[in-house]
Every structure is written in C-alpha cells, then in structure tokens.
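File shown: query.cif. Contents: mmCIF, C-alpha atoms.
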```
data_upload
#
loop_
_atom_site.group_PDB
_atom_site.id
_atom_site.type_symbol
_atom_site.label_atom_id
_atom_site.label_comp_id
_atom_site.auth_asym_id
_atom_site.auth_seq_id
_atom_site.Cartn_x
_atom_site.Cartn_y
_atom_site.Cartn_z
ATOM 1 C CA MET L 17 -14.252 33.285 -28.100
ATOM 2 C CA GLY L 18 -11.208 31.863 -26.357
ATOM 3 C CA THR L 19 -10.939 29.200 -23.712
ATOM 4 C CA LEU L 20 -13.815 28.514 -21.334
ATOM 5 C CA LYS L 21 -11.521 28.362 -18.306
ATOM 6 C CA GLU L 22 -9.413 31.213 -16.992
ATOM 7 C CA LYS L 23 -5.736 31.145 -17.865
ATOM 8 C CA CYS L 24 -3.162 32.443 -15.421
ATOM 9 C CA GLY L 25 0.548 32.890 -14.932
ATOM 10 C CA ILE L 26 3.489 35.194 -14.476
ATOM 11 C CA VAL L 27 5.076 37.847 -16.663
ATOM 12 C CA SER L 28 8.833 38.125 -16.216
ATOM 13 C CA ASP L 29 11.237 40.556 -17.870
ATOM 14 C CA ASN L 30 11.390 38.483 -21.052
ATOM 15 C CA ASP L 31 8.779 35.770 -20.849
ATOM 16 C CA ILE L 32 5.177 34.769 -20.284
ATOM 17 C CA ILE L 33 5.027 31.767 -17.969
ATOM 18 C CA GLU L 34 1.597 30.158 -18.169
ATOM 19 C CA ILE L 35 0.677 28.149 -15.066
ATOM 20 C CA SER L 36 -2.019 25.488 -14.849
ATOM 21 C CA ASN L 37 -5.277 26.734 -13.389
ATOM 22 C CA LEU L 38 -6.588 24.426 -10.663
ATOM 23 C CA GLY L 39 -9.606 26.653 -10.052
ATOM 24 C CA GLY L 40 -13.101 26.311 -11.407
ATOM 25 C CA ILE L 41 -14.566 27.842 -14.535
ATOM 26 C CA PHE L 42 -15.137 31.276 -12.981
ATOM 27 C CA GLU L 43 -11.907 31.556 -10.977
ATOM 28 C CA PHE L 44 -8.219 30.934 -11.150
ATOM 29 C CA GLN L 45 -5.899 29.208 -8.740
ATOM 30 C CA CYS L 46 -2.320 28.810 -9.923
ATOM 31 C CA ASP L 47 -0.892 25.319 -9.489
ATOM 32 C CA PRO L 48 1.369 25.816 -6.428
ATOM 33 C CA VAL L 49 4.143 23.508 -7.688
ATOM 34 C CA GLU L 50 4.313 25.250 -11.071
ATOM 35 C CA LEU L 51 4.119 28.648 -9.387
ATOM 36 C CA TYR L 52 6.987 27.749 -7.048
ATOM 37 C CA LYS L 53 9.136 26.618 -9.996
ATOM 38 C CA ALA L 54 8.318 29.761 -11.973
ATOM 39 C CA LEU L 55 9.153 32.027 -9.039
ATOM 40 C CA HIS L 56 12.532 30.348 -8.628
ATOM 41 C CA ARG L 57 13.693 30.825 -12.226
ATOM 42 C CA ARG L 58 15.613 33.847 -10.932
ATOM 43 C CA GLU L 59 13.934 36.239 -13.308
ATOM 44 C CA ARG L 60 12.376 39.497 -12.204
ATOM 45 C CA ILE L 61 8.601 39.140 -11.911
ATOM 46 C CA ILE L 62 6.844 42.049 -13.612
ATOM 47 C CA ALA L 63 3.244 40.961 -12.987
ATOM 48 C CA LEU L 64 0.727 38.186 -12.490
ATOM 49 C CA PHE L 65 -1.896 37.701 -15.202
ATOM 50 C CA HIS L 66 -5.205 35.990 -15.711
ATOM 51 C CA THR L 67 -8.004 36.042 -18.237
ATOM 52 C CA HIS L 68 -11.660 36.930 -17.847
ATOM 53 C CA PRO L 69 -13.096 34.562 -20.500
ATOM 54 C CA PHE L 70 -16.770 35.271 -19.751
ATOM 55 C CA SER L 71 -16.496 39.035 -19.641
ATOM 56 C CA LYS L 72 -15.442 41.855 -21.893
ATOM 57 C CA CYS L 73 -14.499 43.634 -18.674
ATOM 58 C CA CYS L 74 -10.831 43.924 -17.772
ATOM 59 C CA TYR L 75 -11.285 45.218 -14.246
ATOM 60 C CA PRO L 76 -10.483 43.386 -11.002
ATOM 61 C CA SER L 77 -13.282 41.414 -9.378
ATOM 62 C CA SER L 78 -13.751 41.453 -5.617
ATOM 63 C CA THR L 79 -11.851 38.135 -5.484
ATOM 64 C CA ASP L 80 -9.028 39.666 -7.553
ATOM 65 C CA LYS L 81 -8.757 42.529 -5.067
ATOM 66 C CA ILE L 82 -8.257 40.078 -2.198
ATOM 67 C CA GLY L 83 -5.529 38.319 -4.179
ATOM 68 C CA MET L 84 -3.868 41.637 -4.952
ATOM 69 C CA GLU L 85 -3.381 42.149 -1.223
ATOM 70 C CA LEU L 86 -1.350 38.921 -1.077
ATOM 71 C CA TRP L 87 0.635 39.419 -4.283
ATOM 72 C CA ARG L 88 1.993 42.966 -4.266
ATOM 73 C CA VAL L 89 2.962 43.039 -7.928
ATOM 74 C CA PRO L 90 0.867 44.445 -10.762
ATOM 75 C CA TRP L 91 -2.019 42.277 -11.906
ATOM 76 C CA ILE L 92 -2.787 42.054 -15.619
ATOM 77 C CA ILE L 93 -6.328 41.143 -16.612
ATOM 78 C CA ILE L 94 -7.029 40.039 -20.175
ATOM 79 C CA GLY L 95 -10.483 40.132 -21.731
ATOM 80 C CA GLU L 96 -11.690 39.303 -25.206
ATOM 81 C CA LYS L 97 -10.741 42.723 -26.568
ATOM 82 C CA CYS L 98 -8.853 44.395 -23.754
ATOM 83 C CA ILE L 99 -5.854 44.107 -21.510
ATOM 84 C CA ARG L 100 -5.287 46.238 -18.410
ATOM 85 C CA ALA L 101 -2.886 46.313 -15.479
ATOM 86 C CA PHE L 102 -3.586 47.267 -11.865
ATOM 87 C CA ARG L 103 -1.833 47.584 -8.531
ATOM 88 C CA LEU L 104 -2.926 48.334 -4.994
ATOM 89 C CA ASP L 105 -2.067 51.735 -3.571
ATOM 90 C CA GLY L 106 -4.709 52.621 -0.992
ATOM 91 C CA GLY L 107 -7.157 51.185 -3.530
ATOM 92 C CA VAL L 108 -7.011 49.691 -6.994
ATOM 93 C CA VAL L 109 -5.008 51.892 -9.375
ATOM 94 C CA GLU L 110 -4.755 51.287 -13.114
ATOM 95 C CA ILE L 111 -1.233 51.206 -14.565
ATOM 96 C CA ASP L 112 -0.427 52.162 -18.158
ATOM 97 C CA ILE L 113 0.037 48.746 -19.780
ATOM 98 C CA ASN L 114 2.379 50.233 -22.400
ATOM 99 C CA THR L 115 4.902 51.278 -19.759
ATOM 100 C CA LEU L 116 4.679 47.899 -18.009
ATOM 101 C CA LEU L 117 5.092 45.564 -21.001
ATOM 102 C CA SER L 118 7.049 45.453 -24.222
ATOM 103 C CA GLN L 119 4.944 45.215 -27.385
ATOM 104 C CA GLU L 120 6.089 41.594 -27.807
ATOM 105 C CA LEU L 121 4.884 40.572 -24.330
ATOM 106 C CA TYR L 122 1.628 42.485 -24.851
ATOM 107 C CA ASN L 123 0.968 40.610 -28.104
ATOM 108 C CA ARG L 124 1.794 37.250 -26.518
ATOM 109 C CA LEU L 125 -0.630 37.898 -23.659
ATOM 110 C CA MET L 126 -3.434 38.841 -26.054
ATOM 111 C CA LYS L 127 -2.894 35.563 -27.937
ATOM 112 C CA LEU L 128 -3.748 33.662 -24.751
ATOM 113 C CA PHE L 129 -7.346 34.642 -25.372
ATOM 114 C CA GLU L 130 -7.500 33.088 -28.854
#
```
Could I get this file's structure written as structure tokens?
Amino acid sequence: MGTLKEKCGIVSDNDIIEISNLGGIFEFQCDPVELYKALHRRERIIALFHTHPFSKCCYPSSTDKIGMELWRVPWIIIGEKCIRAFRLDGGVVEIDINTLLSQELYNRLMKLFE
C-alpha cells in the first residue's frame, strides 16, 4: 500500500504539481503558500487531485463535495487501483479520465500511490 497520508496537488497541461498536505491522516489541505505559487505558474489548470490511501473507492466524500463547490475545476481522486475524475454540474458527475489526461499524466498520477 502507498503512503498513509493523503497526497494532493494540481494537474496542469503538462505537469503534476504535488503540494504539501497540511491536513490530518484522513483529509487533505493543500499548503496555501505552495498552492498560491503553483496557481501563478501561468499554466492552465486541468484539475485538482488527491489520494484516498485508506480506501479502494475513488468517489468523492462528503468533504470532497464541499471542496468541489469552491474549486470549480475537475477533481481527480486516486485509489490503490483506480483513478477517476469528477466535476459539479447540478450534482457530482464523473468525467472520462482518458479525455481529461494524457497517458503520461495518468501514469504519473498512479505512481503517487506507490
């Protein structure tokens, strides 16, 4: 199994930007200074991501859904053997991960769980 603390960050057009998690074991809270710097790299933000290290489930939690209301970009959730993307549109809607990410970015995100 991968890390015992959630990982989180941003997916841009060409990069995975991992951001320190200031949250507890069962939550994520992106370091605001790192997040600010990442957002000002002038790259297009494709999605936010985080892992679910204690679950094989790749679906948004109730806390995730609240966060999705604040960050209106797709959210990618990575589990031990799955990766899924979601957005809000009158409710939580799954997005085809293959149309959102290149194969290279997909593979790099899955390695975060190792």
| Picked residues, the PyMOL selection byres ((chain L and resi 33-49) around 10), expected as an MDAnalysis selection string | chainID L and resid 19:28 30:32 50:55 64:70 79:80 125 128
| request: Tell me which residues the PyMOL selection byres ((chain L and resi 101) around 12) grabs here, as a VMD selection string. | output: chain L and resid 27 62 to 67 74 to 76 84 89 to 95 98 to 100 102 to 104 108 to 117 122 125
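Minimum atom-to-atom distance to L:Asp29, evaluated using only C-alpha atoms, belongs to L:Ser118 out of L:Ser78, L:Arg88, L:Ser118, L:Cys73.
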| task | One decimal, Å: what's the distance from atom CA of L:Leu121 over to atom CA of L:Arg57, could you say? | result | 17.9 Å
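The closest residue to L:Lys72, picked from L:Glu120, L:Glu96, L:Asp105, L:Glu130 and counting only C-alpha atoms, is L:Glu96.
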Is it possible to get the axis-aligned box enclosing stretch 33-52 of chain L (all listed atoms, 5 Å extra per side) as lines of an AutoDock Vina configuration file, with centre and edge lengths in Å rounded to one decimal?
```
center_x = -4.1
center_y = 27.6
center_z = -12.3
size_x = 32.1
size_y = 18.3
size_z = 21.7
```
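Taking atom CA of L:Trp87 and atom CA of L:His56 as endpoints, the distance between them is 15.6 Å.
Taking atom CA of L:Arg60 as the reference point, atom CA of L:Lys127 is found at 22.3 Å.
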Restrict the output to stretch 55-102 of chain L and N, CA and C atoms, then write it as a PDB file, in the first residue's frame.
```pdb
ATOM      1  N   LEU L  55      -0.466  28.026  -8.582  1.00  0.00           N
ATOM      2  CA  LEU L  55      -1.512  28.679  -9.376  1.00  0.00           C
ATOM      3  C   LEU L  55      -0.969  29.841 -10.196  1.00  0.00           C
ATOM      4  N   HIS L  56       0.153  30.386  -9.800  1.00  0.00           N
ATOM      5  CA  HIS L  56       0.721  31.533 -10.505  1.00  0.00           C
ATOM      6  C   HIS L  56       1.877  31.157 -11.421  1.00  0.00           C
ATOM      7  N   ARG L  57       1.965  29.888 -11.800  1.00  0.00           N
ATOM      8  CA  ARG L  57       2.976  29.448 -12.763  1.00  0.00           C
ATOM      9  C   ARG L  57       2.547  29.758 -14.194  1.00  0.00           C
ATOM     10  N   ARG L  58       1.366  30.292 -14.339  1.00  0.00           N
ATOM     11  CA  ARG L  58       0.810  30.690 -15.636  1.00  0.00           C
ATOM     12  C   ARG L  58       0.550  29.505 -16.574  1.00  0.00           C
ATOM     13  N   GLU L  59       0.299  28.375 -15.989  1.00  0.00           N
ATOM     14  CA  GLU L  59      -0.103  27.217 -16.771  1.00  0.00           C
ATOM     15  C   GLU L  59      -1.597  27.006 -16.572  1.00  0.00           C
ATOM     16  N   ARG L  60      -2.224  26.413 -17.559  1.00  0.00           N
ATOM     17  CA  ARG L  60      -3.655  26.128 -17.445  1.00  0.00           C
ATOM     18  C   ARG L  60      -3.857  24.973 -16.460  1.00  0.00           C
ATOM     19  N   ILE L  61      -4.724  25.183 -15.486  1.00  0.00           N
ATOM     20  CA  ILE L  61      -5.027  24.148 -14.501  1.00  0.00           C
ATOM     21  C   ILE L  61      -6.111  23.230 -15.069  1.00  0.00           C
ATOM     22  N   ILE L  62      -5.787  21.964 -15.199  1.00  0.00           N
ATOM     23  CA  ILE L  62      -6.736  20.973 -15.702  1.00  0.00           C
ATOM     24  C   ILE L  62      -7.606  20.442 -14.568  1.00  0.00           C
ATOM     25  N   ALA L  63      -6.987  20.185 -13.409  1.00  0.00           N
ATOM     26  CA  ALA L  63      -7.722  19.558 -12.302  1.00  0.00           C
ATOM     27  C   ALA L  63      -6.942  19.676 -10.999  1.00  0.00           C
ATOM     28  N   LEU L  64      -7.644  19.430  -9.907  1.00  0.00           N
ATOM     29  CA  LEU L  64      -7.026  19.201  -8.604  1.00  0.00           C
ATOM     30  C   LEU L  64      -7.033  17.692  -8.387  1.00  0.00           C
ATOM     31  N   PHE L  65      -6.071  17.176  -7.622  1.00  0.00           N
ATOM     32  CA  PHE L  65      -6.072  15.746  -7.332  1.00  0.00           C
ATOM     33  C   PHE L  65      -5.776  15.504  -5.861  1.00  0.00           C
ATOM     34  N   HIS L  66      -6.239  14.359  -5.395  1.00  0.00           N
ATOM     35  CA  HIS L  66      -5.830  13.855  -4.091  1.00  0.00           C
ATOM     36  C   HIS L  66      -6.031  12.348  -4.055  1.00  0.00           C
ATOM     37  N   THR L  67      -5.342  11.716  -3.119  1.00  0.00           N
ATOM     38  CA  THR L  67      -5.433  10.272  -2.985  1.00  0.00           C
ATOM     39  C   THR L  67      -6.407   9.898  -1.872  1.00  0.00           C
ATOM     40  N   HIS L  68      -6.898   8.685  -1.962  1.00  0.00           N
ATOM     41  CA  HIS L  68      -7.693   8.071  -0.897  1.00  0.00           C
ATOM     42  C   HIS L  68      -6.901   6.839  -0.433  1.00  0.00           C
ATOM     43  N   PRO L  69      -5.895   7.033   0.437  1.00  0.00           N
ATOM     44  CA  PRO L  69      -4.991   5.933   0.786  1.00  0.00           C
ATOM     45  C   PRO L  69      -5.610   4.814   1.621  1.00  0.00           C
ATOM     46  N   PHE L  70      -6.729   5.057   2.269  1.00  0.00           N
ATOM     47  CA  PHE L  70      -7.346   4.039   3.117  1.00  0.00           C
ATOM     48  C   PHE L  70      -8.563   3.401   2.466  1.00  0.00           C
ATOM     49  N   SER L  71      -8.757   3.668   1.192  1.00  0.00           N
ATOM     50  CA  SER L  71      -9.961   3.187   0.529  1.00  0.00           C
ATOM     51  C   SER L  71      -9.647   2.764  -0.892  1.00  0.00           C
ATOM     52  N   LYS L  72     -10.301   1.730  -1.332  1.00  0.00           N
ATOM     53  CA  LYS L  72     -10.202   1.345  -2.740  1.00  0.00           C
ATOM     54  C   LYS L  72     -11.212   2.132  -3.560  1.00  0.00           C
ATOM     55  N   CYS L  73     -11.966   2.973  -2.889  1.00  0.00           N
ATOM     56  CA  CYS L  73     -13.015   3.772  -3.520  1.00  0.00           C
ATOM     57  C   CYS L  73     -12.439   5.062  -4.101  1.00  0.00           C
ATOM     58  N   CYS L  74     -12.796   5.355  -5.300  1.00  0.00           N
ATOM     59  CA  CYS L  74     -12.351   6.588  -5.967  1.00  0.00           C
ATOM     60  C   CYS L  74     -13.527   7.519  -6.212  1.00  0.00           C
ATOM     61  N   TYR L  75     -14.390   7.644  -5.238  1.00  0.00           N
ATOM     62  CA  TYR L  75     -15.541   8.532  -5.368  1.00  0.00           C
ATOM     63  C   TYR L  75     -15.447   9.640  -4.326  1.00  0.00           C
ATOM     64  N   PRO L  76     -15.984  10.815  -4.637  1.00  0.00           N
ATOM     65  CA  PRO L  76     -15.877  11.946  -3.710  1.00  0.00           C
ATOM     66  C   PRO L  76     -16.593  11.685  -2.381  1.00  0.00           C
ATOM     67  N   SER L  77     -15.914  12.064  -1.307  1.00  0.00           N
ATOM     68  CA  SER L  77     -16.528  12.014   0.022  1.00  0.00           C
ATOM     69  C   SER L  77     -17.420  13.240   0.183  1.00  0.00           C
ATOM     70  N   SER L  78     -18.148  13.301   1.270  1.00  0.00           N
ATOM     71  CA  SER L  78     -18.980  14.488   1.517  1.00  0.00           C
ATOM     72  C   SER L  78     -18.105  15.733   1.670  1.00  0.00           C
ATOM     73  N   THR L  79     -16.928  15.586   2.269  1.00  0.00           N
ATOM     74  CA  THR L  79     -15.991  16.714   2.385  1.00  0.00           C
ATOM     75  C   THR L  79     -15.483  17.130   1.008  1.00  0.00           C
ATOM     76  N   ASP L  80     -15.189  16.157   0.151  1.00  0.00           N
ATOM     77  CA  ASP L  80     -14.754  16.463  -1.221  1.00  0.00           C
ATOM     78  C   ASP L  80     -15.815  17.286  -1.947  1.00  0.00           C
ATOM     79  N   LYS L  81     -17.062  16.921  -1.775  1.00  0.00           N
ATOM     80  CA  LYS L  81     -18.152  17.623  -2.469  1.00  0.00           C
ATOM     81  C   LYS L  81     -18.232  19.087  -2.049  1.00  0.00           C
ATOM     82  N   ILE L  82     -17.972  19.366  -0.785  1.00  0.00           N
ATOM     83  CA  ILE L  82     -17.943  20.758  -0.322  1.00  0.00           C
ATOM     84  C   ILE L  82     -16.790  21.501  -0.986  1.00  0.00           C
ATOM     85  N   GLY L  83     -15.630  20.867  -1.045  1.00  0.00           N
ATOM     86  CA  GLY L  83     -14.476  21.476  -1.708  1.00  0.00           C
ATOM     87  C   GLY L  83     -14.700  21.707  -3.186  1.00  0.00           C
ATOM     88  N   MET L  84     -15.438  20.803  -3.821  1.00  0.00           N
ATOM     89  CA  MET L  84     -15.718  20.948  -5.249  1.00  0.00           C
ATOM     90  C   MET L  84     -16.546  22.195  -5.533  1.00  0.00           C
ATOM     91  N   GLU L  85     -17.337  22.615  -4.556  1.00  0.00           N
ATOM     92  CA  GLU L  85     -18.117  23.843  -4.734  1.00  0.00           C
ATOM     93  C   GLU L  85     -17.214  25.076  -4.750  1.00  0.00           C
ATOM     94  N   LEU L  86     -16.095  25.012  -4.057  1.00  0.00           N
ATOM     95  CA  LEU L  86     -15.149  26.133  -4.012  1.00  0.00           C
ATOM     96  C   LEU L  86     -14.209  26.146  -5.210  1.00  0.00           C
ATOM     97  N   TRP L  87     -13.776  24.963  -5.617  1.00  0.00           N
ATOM     98  CA  TRP L  87     -12.827  24.834  -6.729  1.00  0.00           C
ATOM     99  C   TRP L  87     -13.563  24.233  -7.917  1.00  0.00           C
ATOM    100  N   ARG L  88     -13.983  25.063  -8.825  1.00  0.00           N
ATOM    101  CA  ARG L  88     -14.818  24.637  -9.958  1.00  0.00           C
ATOM    102  C   ARG L  88     -13.993  24.125 -11.132  1.00  0.00           C
ATOM    103  N   VAL L  89     -13.067  23.243 -10.829  1.00  0.00           N
ATOM    104  CA  VAL L  89     -12.313  22.507 -11.841  1.00  0.00           C
ATOM    105  C   VAL L  89     -12.547  21.030 -11.544  1.00  0.00           C
ATOM    106  N   PRO L  90     -12.263  20.155 -12.495  1.00  0.00           N
ATOM    107  CA  PRO L  90     -12.417  18.731 -12.196  1.00  0.00           C
ATOM    108  C   PRO L  90     -11.548  18.307 -11.005  1.00  0.00           C
ATOM    109  N   TRP L  91     -12.047  17.360 -10.263  1.00  0.00           N
ATOM    110  CA  TRP L  91     -11.312  16.763  -9.155  1.00  0.00           C
ATOM    111  C   TRP L  91     -10.966  15.337  -9.546  1.00  0.00           C
ATOM    112  N   ILE L  92      -9.695  14.981  -9.388  1.00  0.00           N
ATOM    113  CA  ILE L  92      -9.234  13.624  -9.658  1.00  0.00           C
ATOM    114  C   ILE L  92      -8.980  12.953  -8.314  1.00  0.00           C
ATOM    115  N   ILE L  93      -9.540  11.767  -8.154  1.00  0.00           N
ATOM    116  CA  ILE L  93      -9.356  11.000  -6.927  1.00  0.00           C
ATOM    117  C   ILE L  93      -8.649   9.699  -7.294  1.00  0.00           C
ATOM    118  N   ILE L  94      -7.567   9.418  -6.563  1.00  0.00           N
ATOM    119  CA  ILE L  94      -6.721   8.269  -6.860  1.00  0.00           C
ATOM    120  C   ILE L  94      -6.795   7.289  -5.696  1.00  0.00           C
ATOM    121  N   GLY L  95      -7.166   6.059  -6.006  1.00  0.00           N
ATOM    122  CA  GLY L  95      -7.183   4.990  -5.016  1.00  0.00           C
ATOM    123  C   GLY L  95      -6.087   3.995  -5.335  1.00  0.00           C
ATOM    124  N   GLU L  96      -6.046   2.927  -4.570  1.00  0.00           N
ATOM    125  CA  GLU L  96      -4.987   1.935  -4.747  1.00  0.00           C
ATOM    126  C   GLU L  96      -4.976   1.353  -6.157  1.00  0.00           C
ATOM    127  N   LYS L  97      -6.159   1.124  -6.716  1.00  0.00           N
ATOM    128  CA  LYS L  97      -6.223   0.510  -8.048  1.00  0.00           C
ATOM    129  C   LYS L  97      -7.169   1.243  -8.982  1.00  0.00           C
ATOM    130  N   CYS L  98      -7.428   2.508  -8.692  1.00  0.00           N
ATOM    131  CA  CYS L  98      -8.357   3.247  -9.544  1.00  0.00           C
ATOM    132  C   CYS L  98      -7.995   4.724  -9.579  1.00  0.00           C
ATOM    133  N   ILE L  99      -8.475   5.364 -10.603  1.00  0.00           N
ATOM    134  CA  ILE L  99      -8.342   6.812 -10.727  1.00  0.00           C
ATOM    135  C   ILE L  99      -9.586   7.296 -11.471  1.00  0.00           C
ATOM    136  N   ARG L 100     -10.253   8.298 -10.900  1.00  0.00           N
ATOM    137  CA  ARG L 100     -11.477   8.820 -11.513  1.00  0.00           C
ATOM    138  C   ARG L 100     -11.488  10.332 -11.403  1.00  0.00           C
ATOM    139  N   ALA L 101     -12.234  10.959 -12.301  1.00  0.00           N
ATOM    140  CA  ALA L 101     -12.358  12.421 -12.297  1.00  0.00           C
ATOM    141  C   ALA L 101     -13.830  12.799 -12.198  1.00  0.00           C
ATOM    142  N   PHE L 102     -14.086  13.914 -11.510  1.00  0.00           N
ATOM    143  CA  PHE L 102     -15.455  14.379 -11.279  1.00  0.00           C
ATOM    144  C   PHE L 102     -15.521  15.896 -11.389  1.00  0.00           C
TER     145      PHE L 102
END
```
